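> Just coords-v2.pdb, nothing more (PDB, C-alpha atoms):
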```pdb
ATOM      1  CA  THR U   1       2.576  14.699 -42.015
ATOM      2  CA  ILE U   2       3.965  15.771 -38.634
ATOM      3  CA  ASN U   3       1.668  13.293 -36.922
ATOM      4  CA  ASN U   4       2.933  10.479 -39.154
ATOM      5  CA  ILE U   5       6.536  11.432 -38.422
ATOM      6  CA  PHE U   6       6.005  11.240 -34.653
ATOM      7  CA  GLU U   7       4.117   7.960 -34.989
ATOM      8  CA  SER U   8       7.015   6.555 -37.003
ATOM      9  CA  PHE U   9       9.476   7.618 -34.299
ATOM     10  CA  ASN U  10       7.238   6.018 -31.677
ATOM     11  CA  ASP U  11       7.037   2.757 -33.646
ATOM     12  CA  ALA U  12      10.809   2.689 -34.040
ATOM     13  CA  ILE U  13      11.385   3.291 -30.329
ATOM     14  CA  MET U  14       8.843   0.612 -29.362
ATOM     15  CA  ALA U  15      10.482  -1.875 -31.738
ATOM     16  CA  LEU U  16      13.896  -1.142 -30.208
ATOM     17  CA  THR U  17      12.472  -1.419 -26.683
ATOM     18  CA  ASN U  18      10.838  -4.774 -27.436
ATOM     19  CA  PHE U  19      14.107  -6.021 -28.916
ATOM     20  CA  ILE U  20      16.003  -5.058 -25.763
ATOM     21  CA  ILE U  21      13.351  -6.549 -23.459
ATOM     22  CA  ARG U  22      13.507  -9.888 -25.265
ATOM     23  CA  PHE U  23      17.261 -10.143 -24.794
ATOM     24  CA  ALA U  24      17.355  -8.631 -21.290
ATOM     25  CA  PRO U  25      16.807 -11.964 -19.451
ATOM     26  CA  ILE U  26      19.734 -13.509 -21.347
ATOM     27  CA  GLY U  27      21.983 -10.562 -20.523
ATOM     28  CA  ILE U  28      20.975 -10.563 -16.857
ATOM     29  CA  PHE U  29      21.595 -14.322 -16.656
ATOM     30  CA  ALA U  30      25.062 -13.846 -18.153
ATOM     31  CA  ILE U  31      25.927 -11.044 -15.732
ATOM     32  CA  VAL U  32      24.820 -13.096 -12.731
ATOM     33  CA  MET U  33      26.705 -16.161 -13.965
ATOM     34  CA  VAL U  34      29.907 -14.115 -14.235
ATOM     35  CA  LEU U  35      29.589 -13.211 -10.561
ATOM     36  CA  VAL U  36      28.757 -16.801  -9.629
ATOM     37  CA  GLY U  37      31.678 -18.085 -11.692
ATOM     38  CA  LYS U  38      34.159 -15.789  -9.963
ATOM     39  CA  GLN U  39      33.087 -17.103  -6.563
ATOM     40  CA  ALA U  40      32.408 -20.710  -7.571
ATOM     41  CA  SER U  41      35.429 -21.917  -5.625
ATOM     42  CA  ASP U  42      34.254 -20.155  -2.475
ATOM     43  CA  ILE U  43      30.744 -21.348  -1.618
ATOM     44  CA  GLY U  44      30.767 -19.314   1.571
ATOM     45  CA  ALA U  45      31.395 -16.069  -0.326
ATOM     46  CA  LEU U  46      28.684 -16.955  -2.828
ATOM     47  CA  LYS U  47      26.173 -17.584  -0.056
ATOM     48  CA  GLU U  48      27.175 -14.314   1.582
ATOM     49  CA  CYS U  49      26.586 -12.464  -1.697
ATOM     50  CA  PHE U  50      23.075 -13.844  -2.099
ATOM     51  CA  ARG U  51      22.397 -13.259   1.599
ATOM     52  CA  ASN U  52      23.357  -9.595   1.199
ATOM     53  CA  PHE U  53      21.025  -9.111  -1.740
ATOM     54  CA  ALA U  54      18.226 -10.871   0.137
ATOM     55  CA  PHE U  55      18.819  -8.457   3.006
ATOM     56  CA  PHE U  56      18.706  -5.569   0.513
ATOM     57  CA  VAL U  57      15.276  -6.696  -0.751
ATOM     58  CA  ILE U  58      13.993  -6.980   2.828
ATOM     59  CA  VAL U  59      15.236  -3.469   3.682
ATOM     60  CA  VAL U  60      13.563  -2.054   0.562
ATOM     61  CA  TRP U  61      10.272  -3.725   1.458
ATOM     62  CA  ILE U  62      10.440  -2.463   5.041
ATOM     63  CA  SER U  63      11.186   1.073   3.834
ATOM     64  CA  LEU U  64       8.272   0.970   1.397
ATOM     65  CA  ILE U  65       5.935  -0.416   4.061
ATOM     66  CA  VAL U  66       6.896   2.351   6.485
ATOM     67  CA  MET U  67       6.292   5.007   3.844
ATOM     68  CA  GLY U  68       3.085   3.499   2.473
ATOM     69  CA  GLY U  69       1.717   2.070   5.693
ATOM     70  CA  ILE U  70       2.526   4.861   8.134
ATOM     71  CA  VAL U  71       3.633   8.156   6.564
ATOM     72  CA  LEU U  72       1.161   8.455   3.684
ATOM     73  CA  PRO U  73      -1.899   7.242   5.675
ATOM     74  CA  ILE U  74      -1.100   9.815   8.370
ATOM     75  CA  MET U  75      -0.917  12.538   5.721
ATOM     76  CA  VAL U  76      -4.245  11.404   4.253
ATOM     77  CA  GLY U  77      -5.882  11.409   7.658
ATOM     78  CA  LEU U  78      -4.540  14.791   8.750
ATOM     79  CA  MET U  79      -4.542  16.738   5.489
ATOM     80  CA  ALA U  80      -7.478  15.221   3.594
ATOM     81  CA  LYS U  81      -9.584  14.360   6.674
ATOM     82  CA  VAL U  82     -10.208  10.935   5.148
ATOM     83  CA  SER U  83     -10.007   7.475   6.692
ATOM     84  CA  PRO U  84      -6.906   5.765   5.228
ATOM     85  CA  ILE U  85      -8.652   2.375   5.406
ATOM     86  CA  LYS U  86     -11.624   3.600   3.372
ATOM     87  CA  HIS U  87      -9.276   5.243   0.917
ATOM     88  CA  LEU U  88      -7.364   1.988   0.389
ATOM     89  CA  LYS U  89     -10.590   0.078  -0.175
ATOM     90  CA  GLN U  90     -11.617   2.522  -2.901
ATOM     91  CA  ILE U  91      -8.359   2.243  -4.862
ATOM     92  CA  TYR U  92      -7.605  -1.440  -4.220
ATOM     93  CA  SER U  93      -8.129  -2.500  -7.844
ATOM     94  CA  ALA U  94      -5.891   0.279  -9.184
ATOM     95  CA  LEU U  95      -3.134  -0.647  -6.751
ATOM     96  CA  MET U  96      -3.310  -4.300  -7.781
ATOM     97  CA  VAL U  97      -2.957  -3.327 -11.440
ATOM     98  CA  ALA U  98       0.102  -1.213 -10.616
ATOM     99  CA  PHE U  99       1.567  -4.018  -8.503
ATOM    100  CA  SER U 100       1.045  -6.776 -11.069
ATOM    101  CA  THR U 101       2.257  -4.793 -14.091
ATOM    102  CA  SER U 102       5.049  -2.801 -12.380
ATOM    103  CA  SER U 103       3.832   0.188 -14.383
ATOM    104  CA  SER U 104       2.064   3.223 -12.962
ATOM    105  CA  TYR U 105       0.803   4.140 -16.422
ATOM    106  CA  SER U 106      -1.243   0.933 -16.507
ATOM    107  CA  ALA U 107      -3.143   2.050 -13.413
ATOM    108  CA  LEU U 108      -3.555   5.673 -14.547
ATOM    109  CA  PRO U 109      -7.130   5.334 -15.929
ATOM    110  CA  LEU U 110      -8.271   3.409 -12.847
ATOM    111  CA  ILE U 111      -6.771   5.937 -10.423
ATOM    112  CA  ILE U 112      -8.503   8.809 -12.221
ATOM    113  CA  SER U 113     -11.878   7.035 -12.394
ATOM    114  CA  ASP U 114     -11.680   5.959  -8.735
ATOM    115  CA  ALA U 115     -10.819   9.508  -7.678
ATOM    116  CA  LYS U 116     -13.803  10.934  -9.557
ATOM    117  CA  GLU U 117     -16.459   8.250  -9.098
ATOM    118  CA  LYS U 118     -15.624   6.700  -5.721
ATOM    119  CA  MET U 119     -14.025   9.598  -3.856
ATOM    120  CA  GLY U 120     -15.823  12.586  -5.335
ATOM    121  CA  VAL U 121     -12.797  14.449  -6.688
ATOM    122  CA  SER U 122     -13.668  16.839  -9.500
ATOM    123  CA  ASN U 123     -12.603  16.002 -13.024
ATOM    124  CA  ASN U 124     -10.246  18.999 -13.243
ATOM    125  CA  ILE U 125      -8.284  18.096 -10.117
ATOM    126  CA  ALA U 126      -8.310  14.334 -10.725
ATOM    127  CA  SER U 127      -7.135  14.579 -14.330
ATOM    128  CA  PHE U 128      -4.430  17.127 -13.526
ATOM    129  CA  THR U 129      -2.990  15.804 -10.257
ATOM    130  CA  VAL U 130      -3.035  12.112 -11.197
ATOM    131  CA  SER U 131      -1.541  12.625 -14.655
ATOM    132  CA  LEU U 132       1.129  14.937 -13.268
ATOM    133  CA  GLY U 133       1.734  12.714 -10.269
ATOM    134  CA  ILE U 134       2.372   9.609 -12.396
ATOM    135  CA  THR U 135       5.356  11.441 -13.879
ATOM    136  CA  PHE U 136       6.698  13.350 -10.867
ATOM    137  CA  ASN U 137       5.303  11.748  -7.701
ATOM    138  CA  LYS U 138       7.456   8.624  -7.431
ATOM    139  CA  ILE U 139       8.064   8.169  -3.730
ATOM    140  CA  GLY U 140       8.552   4.417  -4.026
ATOM    141  CA  THR U 141      11.227   4.774  -6.681
ATOM    142  CA  ILE U 142      13.060   7.423  -4.650
ATOM    143  CA  VAL U 143      13.099   5.148  -1.588
ATOM    144  CA  TYR U 144      14.424   2.279  -3.702
ATOM    145  CA  GLU U 145      17.150   4.414  -5.281
ATOM    146  CA  CYS U 146      18.378   5.735  -1.920
ATOM    147  CA  VAL U 147      18.541   2.269  -0.350
ATOM    148  CA  ALA U 148      20.344   0.878  -3.418
ATOM    149  CA  VAL U 149      22.976   3.629  -3.419
ATOM    150  CA  ILE U 150      23.633   3.201   0.308
ATOM    151  CA  PHE U 151      23.881  -0.565  -0.254
ATOM    152  CA  VAL U 152      26.526  -0.112  -2.975
ATOM    153  CA  ALA U 153      28.393   2.445  -0.865
ATOM    154  CA  GLN U 154      28.598  -0.007   2.031
ATOM    155  CA  ALA U 155      29.605  -2.809  -0.342
ATOM    156  CA  VAL U 156      32.647  -0.842  -1.549
ATOM    157  CA  GLY U 157      33.501   0.342   1.961
ATOM    158  CA  MET U 158      32.438   3.961   1.515
ATOM    159  CA  ASP U 159      30.714   5.711   4.415
ATOM    160  CA  LEU U 160      28.303   8.398   3.273
ATOM    161  CA  THR U 161      28.327  11.485   5.468
ATOM    162  CA  ALA U 162      25.149  13.230   6.544
ATOM    163  CA  ALA U 163      25.697  15.873   3.878
ATOM    164  CA  GLN U 164      26.166  13.201   1.213
ATOM    165  CA  GLN U 165      22.980  11.448   2.295
ATOM    166  CA  VAL U 166      21.042  14.692   2.042
ATOM    167  CA  SER U 167      22.498  15.319  -1.409
ATOM    168  CA  LEU U 168      21.614  11.732  -2.298
ATOM    169  CA  ILE U 169      17.953  12.402  -1.533
ATOM    170  CA  GLY U 170      17.992  15.540  -3.662
ATOM    171  CA  ALA U 171      19.789  13.805  -6.511
ATOM    172  CA  SER U 172      17.318  10.900  -6.335
ATOM    173  CA  ILE U 173      14.362  13.258  -6.637
ATOM    174  CA  VAL U 174      15.877  15.032  -9.645
ATOM    175  CA  THR U 175      16.964  11.802 -11.346
ATOM    176  CA  VAL U 176      13.655  10.027 -10.870
ATOM    177  CA  LEU U 177      11.750  12.931 -12.428
ATOM    178  CA  GLY U 178      13.006  11.880 -15.837
ATOM    179  CA  ALA U 179      12.343   8.161 -15.360
ATOM    180  CA  PRO U 180       9.447   6.592 -17.298
ATOM    181  CA  SER U 181       6.788   4.730 -15.317
ATOM    182  CA  VAL U 182       7.574   1.372 -16.908
ATOM    183  CA  PRO U 183       9.088  -1.849 -15.526
ATOM    184  CA  MET U 184      12.812  -1.737 -14.635
ATOM    185  CA  ALA U 185      13.060   2.006 -15.256
ATOM    186  CA  GLY U 186      14.520   2.393 -11.764
ATOM    187  CA  VAL U 187      17.605   0.410 -12.783
ATOM    188  CA  ILE U 188      18.426   2.912 -15.512
ATOM    189  CA  THR U 189      18.131   5.884 -13.179
ATOM    190  CA  LEU U 190      20.114   3.962 -10.552
ATOM    191  CA  ALA U 191      23.067   3.728 -12.945
ATOM    192  CA  VAL U 192      22.945   7.498 -13.427
ATOM    193  CA  LEU U 193      22.681   8.090  -9.690
ATOM    194  CA  LEU U 194      25.606   5.781  -8.861
ATOM    195  CA  ALA U 195      27.807   7.568 -11.368
ATOM    196  CA  ALA U 196      26.762  10.947  -9.949
ATOM    197  CA  MET U 197      27.675   9.813  -6.420
ATOM    198  CA  GLY U 198      31.076   8.519  -7.560
ATOM    199  CA  LEU U 199      30.202   4.860  -6.983
ATOM    200  CA  PRO U 200      30.888   1.908  -9.315
ATOM    201  CA  THR U 201      28.084   0.722 -11.597
ATOM    202  CA  ASP U 202      29.265  -2.909 -11.598
ATOM    203  CA  TYR U 203      26.377  -3.914  -9.347
ATOM    204  CA  ILE U 204      23.725  -2.893 -11.880
ATOM    205  CA  GLY U 205      23.574  -6.423 -13.272
ATOM    206  CA  MET U 206      22.703  -7.902  -9.898
ATOM    207  CA  PHE U 207      20.112  -5.208  -9.281
ATOM    208  CA  MET U 208      18.514  -6.117 -12.612
ATOM    209  CA  ALA U 209      18.305  -9.740 -11.482
ATOM    210  CA  ILE U 210      16.374  -8.878  -8.315
ATOM    211  CA  ASP U 211      14.644  -5.741  -9.568
ATOM    212  CA  ILE U 212      11.271  -7.442 -10.061
ATOM    213  CA  LEU U 213      11.134  -8.180  -6.315
ATOM    214  CA  CYS U 214      11.405  -4.455  -5.582
ATOM    215  CA  ASP U 215       9.801  -3.007  -8.715
ATOM    216  CA  MET U 216       6.317  -4.319  -7.954
ATOM    217  CA  PRO U 217       5.981  -2.897  -4.405
ATOM    218  CA  LYS U 218       7.605   0.440  -5.273
ATOM    219  CA  THR U 219       5.259   0.864  -8.231
ATOM    220  CA  LEU U 220       2.335   0.139  -5.923
ATOM    221  CA  LEU U 221       3.581   2.845  -3.554
ATOM    222  CA  ASN U 222       3.956   5.272  -6.477
ATOM    223  CA  ALA U 223       0.336   4.694  -7.486
ATOM    224  CA  TYR U 224      -0.861   5.004  -3.896
ATOM    225  CA  SER U 225       0.988   8.290  -3.353
ATOM    226  CA  VAL U 226      -0.556   9.704  -6.538
ATOM    227  CA  SER U 227      -4.049   8.878  -5.289
ATOM    228  CA  CYS U 228      -3.209  10.409  -1.907
ATOM    229  CA  SER U 229      -2.090  13.606  -3.645
ATOM    230  CA  ALA U 230      -5.371  13.818  -5.559
ATOM    231  CA  ILE U 231      -7.597  13.731  -2.480
ATOM    232  CA  ILE U 232      -5.293  16.030  -0.495
ATOM    233  CA  VAL U 233      -5.384  18.628  -3.264
ATOM    234  CA  ALA U 234      -9.146  18.213  -3.609
ATOM    235  CA  ARG U 235      -9.629  18.792   0.124
ATOM    236  CA  SER U 236      -7.346  21.829   0.061
ATOM    237  CA  GLU U 237      -9.558  23.284  -2.673
ATOM    238  CA  GLY U 238     -12.630  22.857  -0.457
ATOM    239  CA  GLU U 239     -14.221  19.978  -2.319
ATOM    240  CA  MET U 240     -16.573  17.636  -0.490
ATOM    241  CA  LEU U 241     -15.305  14.091  -0.770
ATOM    242  CA  LYS U 242     -17.493  10.982  -0.670
ATOM    243  CA  ILE U 243     -15.214   9.039   1.690
TER     244      ILE U 243
END
```
Once you've parsed the file, please lay out its structure as structure tokens.

Amino acid sequence: TINNIFESFNDAIMALTNFIIRFAPIGIFAIVMVLVGKQASDIGALKECFRNFAFFVIVVWISLIVMGGIVLPIMVGLMAKVSPIKHLKQIYSALMVAFSTSSSYSALPLIISDAKEKMGVSNNIASFTVSLGITFNKIGTIVYECVAVIFVAQAVGMDLTAAQQVSLIGASIVTVLGAPSVPMAGVITLAVLLAAMGLPTDYIGMFMAIDILCDMPKTLLNAYSVSCSAIIVARSEGEMLKI
């Protein structure tokens, strides 16, 4: 009976989620058109708006590339004593699944199987660290949230002090912990984070319009960081890896 009750709740939530997802493109289109309509008489301002958001996407990509292409590979090389290139080759398929679906949960089985079969991580460590990491280890989302908040702060003319930026990082980590690993989840947590930092949430609509351009790479980085954690933990426990 209890099992049936929880399954019923799950079915109801999934039905509500599917309903919202179907109407989300219409809502996003309406929000964007409101912004375009307000600036329709000023083509220069409209171009500047789109140029700013294009710059935002570029900054997010650069930040993710630095984290995933420099910081994490260095950690893998130093802490796991593993070649970052070989590691990437072993988890390439899992990363592509995460990138194409914008969902870390979709790549969860592949990350676990790659860790065990291709990299030699034990079942106990792989199952625990990867499953836990999918929920808590979201470096890509944290990077995205921080860049987005700073972008909004600059847009409204607010200069964040060093102390505020440090608190922003901490708040991003705490906020992202409760975010599901599904597409566009970062937008929901971004609204919470903006409100916590005392910034307006009016820009959420525009972030939803361009979120797919940032959601795919940040999800890829999330999946990559989870795999890095698995082999680092395995090495710290004295396991002999295959790579």
> Taking into account only C-alpha atoms, which residue in the set U:Ile74, U:Phe56, U:Ser100, U:Thr189 is nearest to U:Gln154?
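Checking each candidate against U:Gln154, we get U:Phe56 as the closest.
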> Residues within 10 Å of U:Leu72, please, as a list in words. Count all atoms listed in the file; anything in the same chain fewer than 2 positions from it doesn't count.
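Answer for this query is Val66, Met67, Gly68, Gly69, Ile70, Ile74, Met75, Val76, Gly77, Leu78, Pro84, Leu221, Tyr224, Ser225, Cys228 and Ser229 of chain U.
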> Got a sec: who's within 10 Å of U:Phe50, counting only C-alpha atoms, leaving out chain neighbours fewer than 5 positions off, as number ranges by chain?
U: 36, 45, 55-56, 206
> Run the PyMOL selection byres ((chain U and resi 211) around 10) against the file shown and list the residues it catches, as a ChimeraX atom specification.
/U:57,144,183-187,204-210,212-216
> By how many Å are atom CA of U:Ile20 and atom CA of U:Ala155 apart?
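About the pair atom CA of U:Ile20 and atom CA of U:Ala155: they are 28.9 Å apart.
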> On this structure, the PyMOL selection byres ((chain U and resi 120) around 10) would catch which residues? List them as a ChimeraX atom specification, sorted by chain and number.
/U:113-119,121-123,126,231,234,239-243
> Give the answer as one residue: which of U:Ala80, U:Ile13, U:Met33, U:Val143 has the shortest atom-to-atom distance to U:Trp61, using only C-alpha atoms?
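Between U:Ala80, U:Ile13, U:Met33, U:Val143, the residue approaching U:Trp61 most closely is U:Val143.
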> Could you tell me how far atom CA of U:Ile173 sits from atom CA of U:Phe151, in Å to one decimal place?
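Between these atoms lies a distance of 18.0 Å.
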> What's around U:Val192 at 9 Å? Count all atoms listed in the file, leave out sequence neighbours fewer than 5 positions away in its own chain, and write the answer as a list in words.
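Final neighbour list, sorted by chain and number: Thr175, Val187, Met197 and Thr201 of chain U.
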> Would you put the residues from that selection into a file with C-alpha atoms, as an mmCIF file, in the coordinates of the input?

```
data_model
loop_
_atom_site.group_PDB
_atom_site.id
_atom_site.type_symbol
_atom_site.label_atom_id
_atom_site.label_comp_id
_atom_site.auth_asym_id
_atom_site.auth_seq_id
_atom_site.Cartn_x
_atom_site.Cartn_y
_atom_site.Cartn_z
ATOM 1 C CA THR U 175 16.964 11.802 -11.346
ATOM 2 C CA VAL U 187 17.605 0.410 -12.783
ATOM 3 C CA MET U 197 27.675 9.813 -6.420
ATOM 4 C CA THR U 201 28.084 0.722 -11.597
#
```
> Around all the atoms of stretch 58-63 of chain U listed in the file, with 8 Å of room on each side, what axis-aligned box do you get, giving centre and edge lengths in Å to one decimal, as lines of an AutoDock Vina configuration file?

```
center_x = 12.8
center_y = -3.0
center_z = 2.8
size_x = 21.0
size_y = 24.1
size_z = 20.5
```
> Figure out the distance between atom CA of U:Leu194 and atom CA of U:Ala148, please, to one decimal in Å.
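Computed distance, atom CA of U:Ala148 to atom CA of U:Leu194, equals 9.0 Å.
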> Determine the residue membership of the PyMOL selection byres ((chain U and resi 130) around 7) for the file above and supply it as a list in words.
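Given this file, the PyMOL selection byres ((chain U and resi 130) around 7) evaluates to Ile112, Ala126, Ser127, Phe128, Thr129, Ser131, Leu132, Gly133, Ile134, Val226, Ser227 and Ala230 of chain U.
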> Measuring atom to atom with only C-alpha atoms, identify which of U:Val147, U:Ile125, U:Ala153, U:Ile169 is nearest to U:Ile232.
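Counting only C-alpha atoms, the residue closest to U:Ile232 is U:Ile125.
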> Counting all atoms listed in the file, figure out which residue out of U:Ser172, U:Asn137, U:Arg235, U:Gly198 gets nearest to U:Val82.
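Closest candidate: U:Arg235.
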> Considering only C-alpha atoms, can you say which of U:Gln165, U:Val34, U:Thr101, U:Ile111 comes closest to U:Leu88?
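Among the listed residues, the smallest separation from U:Leu88 belongs to U:Ile111.
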> Return the single residue from U:Tyr203, U:His87, U:Glu145, U:Ala195 that is closest to U:Ile28, with distances computed using only C-alpha atoms.
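Using only C-alpha atoms, U:Ile28 sits closest to U:Tyr203.
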